[in-house]
Amino acid sequence: MSHRPTGAQNPRDAAGVAAPPATAAMAMGPTESRRSALRLNASMVIGAVLVVLILGLALVSFFWTPYDPGEIDPVARLQSGSLDHPFGTDKFGRDTLTWVMYGARITLLVGVVAVGIALLIGTPIGIIAAIFAKQPWGIWIDAVIMRANDILLAFPALLLAIVFAAVFSPGTGPAMVAVGIAAIPGFARVARSGTLQVLGSEYVRAAKASNRGAPAIAAVHVLPNIAGMVIVQASVAFAISVLAEAGLSFLGLGTQAPVPSWGRMLQESQQFLSTHPELALWPGVFIALAVLGFNLLGDGLRDRFDPKMEARGA
Amino acid sequence: MLNYALSRATQFALSLIFASVVVFALMSLLPGNAAQVALGTNATPEAVAALEAQYGLDRPPVIRYFDWVLGMLGGDFGTSYVTGAEITPVIVSSVQVTAILVIAAIALSVVIAVPLGTFAALEQRNWIGVTISAASQIGIAIPNFLAAIILVIVFSLTLGWFPSQGWMAPIEGFGGFLLRLVLPVVSLALVQAAILTRYVRSAVLDVMREDFIRTARAKGLTRTKALFVHGLRNAAIPVITVAGVQLATLLVGAVIIEQIFVLPGIGSELVRAVANRDLVAVQGIVMVLVLLVLIINLVVDILVPVIDPRIRSAA
């Protein structure tokens with residue numbers, strides 16, 4: 001089974017699928033390549049702008065927010081957008097814009113920690129598996145690692161996070177760790193397939209001939225060459241973790257009150273859907289923008305780092 | 001082919017065993033023990049010990065593990081320490097609701113995505129193709145629970161076409177059953193359709209570059225005809241793999257949708273079990289969900305070489 005380097009939504013998608021023809025990239029004409037160069041810039045730029053927007057909201061919230069997130073104002077309950085409260089207020093009269101800004105923090109925190117866990121564990125696992133796969137005596141080690149990886153794939157992020165919430169009481173911490181663990185296989189697969197490609201190259205053969213050891217080859221040749229694909233995977237995994245955090249908090253199993261989180265804002269808006277649908281609007285919009293931003297960024301980066309994907313237009 | 005199927009089946013069995021060990025170990029990790037958790041922190045040590053003895057919790061973990069696994073193999077998921085009720089009937093009835101929901105959602109998303117994705121690939125350079133691509137990109141970013149809330153606001157609270165929540169078994173009234181199914185299924189299917197559209201589009205684009213399509217075109221077939229006669233079967237392979245993954249995603253995604261629409265599915269049972277700290281139920285439900293995910297993966301893995309002779313010979 002060939003593992004194509006792809007940072008797509010779920011790493012299983014490449015499994016069991018015939019590799020695309022190697023000529024795909026060459027088959028396209030000059031116009032098409034210029035066209036896709038433009039398109040990839042568009043996804044990357046829009047993605048980057050959205051990510052910077054979310055990042056900015058979170059950063060600014062440390063210095064300034066329109067109100068205090070805990071500030072309850074019984075007079076100004078359930079207001080629509082106004083000059084005083086641009087995004088309106090919730091059932092306690094708390095300012096929605098303030099909450100959205102604070103919510104960005106949790107979203108980014110969960111993403112950074114989860115992706116960090118997955119990247120720091122998954123990438124070395126993938127590299128090591130690939131190095132063993134290249135040794136005649138090490139194929140079974142690679143097989144064991146990758147099968148273990150497949151087993152982990154049977155636990156989707158949300159399910160693992162729910163299990164963690166059951167075992168260690170619900171909270172942001174267990175959620176981050178669970179989402180991170182669930183994302184490990186994706187990084188391991190990307191790192192493994194990238195490493196296999198690099199190890200087959202001329203320059204690695206030259207390095208081996210000059211008696212470089214496996215760790216040195218991994219550090220000098222493999223890491224810089226697979227970094228692009230790993231970054232793409234990180235971007236996609238970030239989007240998935242934003243979704244998972246929002247989903248968990250929506251279920252009440254993620255970030256707990258009184259810490260502001262978009263998922264919980266959305267959940268709390270449910271009882272007012274018929275009278276104040278705009279309460280669901282803002283957290284919903286920002287969850288979608290964050291996911292869209294990281295997905296687009298990942299797409300744009302993928303087109304940049306993987307010329308094969310450019311032609312596929314995926 | 002037989003060897004391949006056997007190795008997949010072995011992997012399936014190993015995965016299931018591994019998952020059961022992990023789930024059991026996680027649940028045993030719990031600070032305090034299940035009896036304490038079930039009775040709460042105020043329980044007297046005597047009461048805890050009595051409950052432990054009643055449910056055999058004082059036995060060594062290895063014995064309890066095998067007891068649990070053998071029970072599940074015989075279709076017995078045990079008894080809840082919290083409610084004292086049998087768990088198997090709860091799982092059996094709730095999994096049916098979830099199955100209906102998930103199968104309807106994947107069917108709907110395939111029905112939406114295959115034509116849209118094919119169209120987007122054929123009209124790649126037109127504004128139509130670009131619009132479909134952009135719309136699917138935005139669709140992917142909308143979590144299913146947000147889609148559900150929007151659908152409820154528009155079609156239930158504003159237009160009043162569908163009920164905003166609730167469930168009716170098909171035998172109680174088929175019309176009511178369908179009516180209550182529409183919004184949950186659509187909210188699950190929309191996001192998956194958006195993702196699937198992108199895969200269909202890229203699979204069709206890949207196929208259109210194949211030599212056999214060029215040959216077919218050289219023989220005088222139109223682009224569309226070449227695609228329909230020779231291409232779609234080939235494009236189906238990556239799409240089936242992705243649809244399989246999505247089925248697994250939907251199963252878990254349904255947890256949230258069942259909460260929103262108050263459906264008595266397995267996801268609602270899981271959330272309730274977690275909230276009640278009903279660990280026996282959590283264990284059982286998680287194993288059922290993992291089992292279903294693994295079965296889906298196994299079926300996809302075996303189905304793909306059946307459809308594609310090239311992979312069959314490679315395997």
# chains A, B, ... in the order shown; residues from 1 in each chain; ligands from 1
>>> closest_atom_pairs(of="chain B", to="chain A", cutoff="6 Å", atoms="only C-alpha atoms", output="Markdown table")
| residue | atom | partner | partner_atom | distance |
| --- | --- | --- | --- | --- |
| B:Ser15 | CA | A:Ile151 | CA | 5.2 |
| B:Leu30 | CA | A:Val167 | CA | 5.8 |
| B:Ala141 | CA | A:Leu292 | CA | 4.8 |
| B:Ile142 | CA | A:Ala288 | CA | 5.1 |
| B:Leu157 | CA | A:Ser274 | CA | 5.9 |
| B:Ser202 | CA | A:Ala314 | CA | 5.4 |
| B:Pro238 | CA | A:Val17 | CA | 5.8 |
| B:Thr241 | CA | A:Asp13 | CA | 5.9 |
| B:Val242 | CA | A:Asp13 | CA | 5.4 |
| B:Val274 | CA | A:Ala166 | CA | 5.1 |
>>> closest_residue(among="A:Gly194, A:Gly186, A:Gly126, A:Gly103", to="A:Thr255", atoms="only C-alpha atoms")
A:Gly103
>>> atom_distance(atom1="atom CA of A:Ala48", atom2="atom CA of B:Arg201")
24.7 Å
>>> residues_around(residues="B:Met27", least_positions_apart="5", cutoff="12 Å", atoms="only C-alpha atoms", output="PDB file with N, CA and C atoms, in the first residue's frame")
ATOM      1  N   VAL A 163     -14.158  10.396  25.986  1.00  0.00           N
ATOM      2  CA  VAL A 163     -13.645   9.392  26.931  1.00  0.00           C
ATOM      3  C   VAL A 163     -12.793  10.080  27.996  1.00  0.00           C
ATOM      4  N   PHE A 164     -11.934  10.992  27.561  1.00  0.00           N
ATOM      5  CA  PHE A 164     -11.090  11.713  28.520  1.00  0.00           C
ATOM      6  C   PHE A 164     -11.927  12.520  29.488  1.00  0.00           C
ATOM      7  N   ALA A 165     -13.007  13.118  28.960  1.00  0.00           N
ATOM      8  CA  ALA A 165     -13.869  13.917  29.830  1.00  0.00           C
ATOM      9  C   ALA A 165     -14.529  13.028  30.876  1.00  0.00           C
ATOM     10  N   ALA A 166     -14.809  11.775  30.489  1.00  0.00           N
ATOM     11  CA  ALA A 166     -15.432  10.857  31.438  1.00  0.00           C
ATOM     12  C   ALA A 166     -14.441  10.428  32.509  1.00  0.00           C
ATOM     13  N   VAL A 167     -13.187  10.228  32.102  1.00  0.00           N
ATOM     14  CA  VAL A 167     -12.193   9.700  33.032  1.00  0.00           C
ATOM     15  C   VAL A 167     -11.623  10.800  33.922  1.00  0.00           C
ATOM     16  N   PHE A 168     -11.099  11.832  33.302  1.00  0.00           N
ATOM     17  CA  PHE A 168     -10.624  13.001  34.055  1.00  0.00           C
ATOM     18  C   PHE A 168     -11.745  14.011  33.869  1.00  0.00           C
TER      19      PHE A 168
ATOM     20  N   SER B  20     -10.105  -2.290  23.332  1.00  0.00           N
ATOM     21  CA  SER B  20     -10.769  -2.706  24.566  1.00  0.00           C
ATOM     22  C   SER B  20      -9.820  -2.569  25.757  1.00  0.00           C
ATOM     23  N   VAL B  21      -8.540  -2.902  25.540  1.00  0.00           N
ATOM     24  CA  VAL B  21      -7.559  -2.769  26.629  1.00  0.00           C
ATOM     25  C   VAL B  21      -7.416  -1.298  27.019  1.00  0.00           C
ATOM     26  N   VAL B  22      -7.307  -0.426  26.003  1.00  0.00           N
ATOM     27  CA  VAL B  22      -7.125   1.003  26.284  1.00  0.00           C
ATOM     28  C   VAL B  22      -8.332   1.562  27.029  1.00  0.00           C
ATOM     29  N   GLY B  32      -9.847   7.121  42.739  1.00  0.00           N
ATOM     30  CA  GLY B  32     -10.904   6.437  43.464  1.00  0.00           C
ATOM     31  C   GLY B  32     -11.294   5.225  42.642  1.00  0.00           C
ATOM     32  N   ASN B  33     -12.482   4.737  42.792  1.00  0.00           N
ATOM     33  CA  ASN B  33     -12.894   3.640  41.930  1.00  0.00           C
ATOM     34  C   ASN B  33     -14.345   3.822  41.515  1.00  0.00           C
ATOM     35  N   ALA B  34     -14.780   2.930  40.637  1.00  0.00           N
ATOM     36  CA  ALA B  34     -16.092   3.110  40.026  1.00  0.00           C
ATOM     37  C   ALA B  34     -17.206   3.163  41.076  1.00  0.00           C
ATOM     38  N   VAL B  37     -17.180   6.515  42.687  1.00  0.00           N
ATOM     39  CA  VAL B  37     -17.692   7.503  41.743  1.00  0.00           C
ATOM     40  C   VAL B  37     -19.210   7.418  41.654  1.00  0.00           C
ATOM     41  N   PRO B  61      -7.912  -6.591  38.362  1.00  0.00           N
ATOM     42  CA  PRO B  61      -8.283  -5.956  37.085  1.00  0.00           C
ATOM     43  C   PRO B  61      -8.295  -6.924  35.904  1.00  0.00           C
ATOM     44  N   ARG B  64     -11.436  -8.814  35.873  1.00  0.00           N
ATOM     45  CA  ARG B  64     -12.558  -7.938  35.512  1.00  0.00           C
ATOM     46  C   ARG B  64     -12.547  -7.634  34.018  1.00  0.00           C
ATOM     47  N   TYR B  65     -11.341  -7.458  33.465  1.00  0.00           N
ATOM     48  CA  TYR B  65     -11.232  -7.170  32.033  1.00  0.00           C
ATOM     49  C   TYR B  65     -11.824  -8.315  31.221  1.00  0.00           C
ATOM     50  N   VAL B 274     -21.638  10.018  30.419  1.00  0.00           N
ATOM     51  CA  VAL B 274     -20.483  10.782  30.881  1.00  0.00           C
ATOM     52  C   VAL B 274     -20.918  11.753  31.979  1.00  0.00           C
ATOM     53  N   ARG B 277     -21.447  10.086  35.190  1.00  0.00           N
ATOM     54  CA  ARG B 277     -20.277   9.299  35.593  1.00  0.00           C
ATOM     55  C   ARG B 277     -20.609   7.805  35.614  1.00  0.00           C
ATOM     56  N   ASP B 278     -21.388   7.399  34.632  1.00  0.00           N
ATOM     57  CA  ASP B 278     -21.797   5.996  34.539  1.00  0.00           C
ATOM     58  C   ASP B 278     -20.765   5.262  33.685  1.00  0.00           C
ATOM     59  N   LEU B 279     -19.697   4.817  34.353  1.00  0.00           N
ATOM     60  CA  LEU B 279     -18.539   4.335  33.599  1.00  0.00           C
ATOM     61  C   LEU B 279     -18.796   3.045  32.826  1.00  0.00           C
ATOM     62  N   VAL B 280     -19.626   2.170  33.374  1.00  0.00           N
ATOM     63  CA  VAL B 280     -19.898   0.920  32.657  1.00  0.00           C
ATOM     64  C   VAL B 280     -20.571   1.233  31.322  1.00  0.00           C
ATOM     65  N   ALA B 281     -21.502   2.170  31.372  1.00  0.00           N
ATOM     66  CA  ALA B 281     -22.180   2.549  30.141  1.00  0.00           C
ATOM     67  C   ALA B 281     -21.207   3.232  29.176  1.00  0.00           C
ATOM     68  N   VAL B 282     -20.356   4.123  29.699  1.00  0.00           N
ATOM     69  CA  VAL B 282     -19.384   4.803  28.837  1.00  0.00           C
ATOM     70  C   VAL B 282     -18.500   3.773  28.133  1.00  0.00           C
ATOM     71  N   GLN B 283     -17.952   2.842  28.926  1.00  0.00           N
ATOM     72  CA  GLN B 283     -17.121   1.770  28.366  1.00  0.00           C
ATOM     73  C   GLN B 283     -17.821   1.051  27.220  1.00  0.00           C
ATOM     74  N   GLY B 284     -19.039   0.619  27.502  1.00  0.00           N
ATOM     75  CA  GLY B 284     -19.778  -0.164  26.519  1.00  0.00           C
ATOM     76  C   GLY B 284     -20.065   0.628  25.260  1.00  0.00           C
ATOM     77  N   VAL B 286     -18.573   3.351  24.111  1.00  0.00           N
ATOM     78  CA  VAL B 286     -17.350   3.667  23.367  1.00  0.00           C
ATOM     79  C   VAL B 286     -16.898   2.441  22.569  1.00  0.00           C
TER      80      VAL B 286
END
>>> closest_residue(among="A:Ser235, A:Ser210, A:Ser201, A:Ser241", to="A:Gly180", atoms="only C-alpha atoms")
A:Ser241
>>> residues_around(residues="A:Gly300", least_positions_apart="2", cutoff="7 Å", atoms="only C-alpha atoms", output="ChimeraX atom specification")
/A:40-41,43-44,296-298,302-304
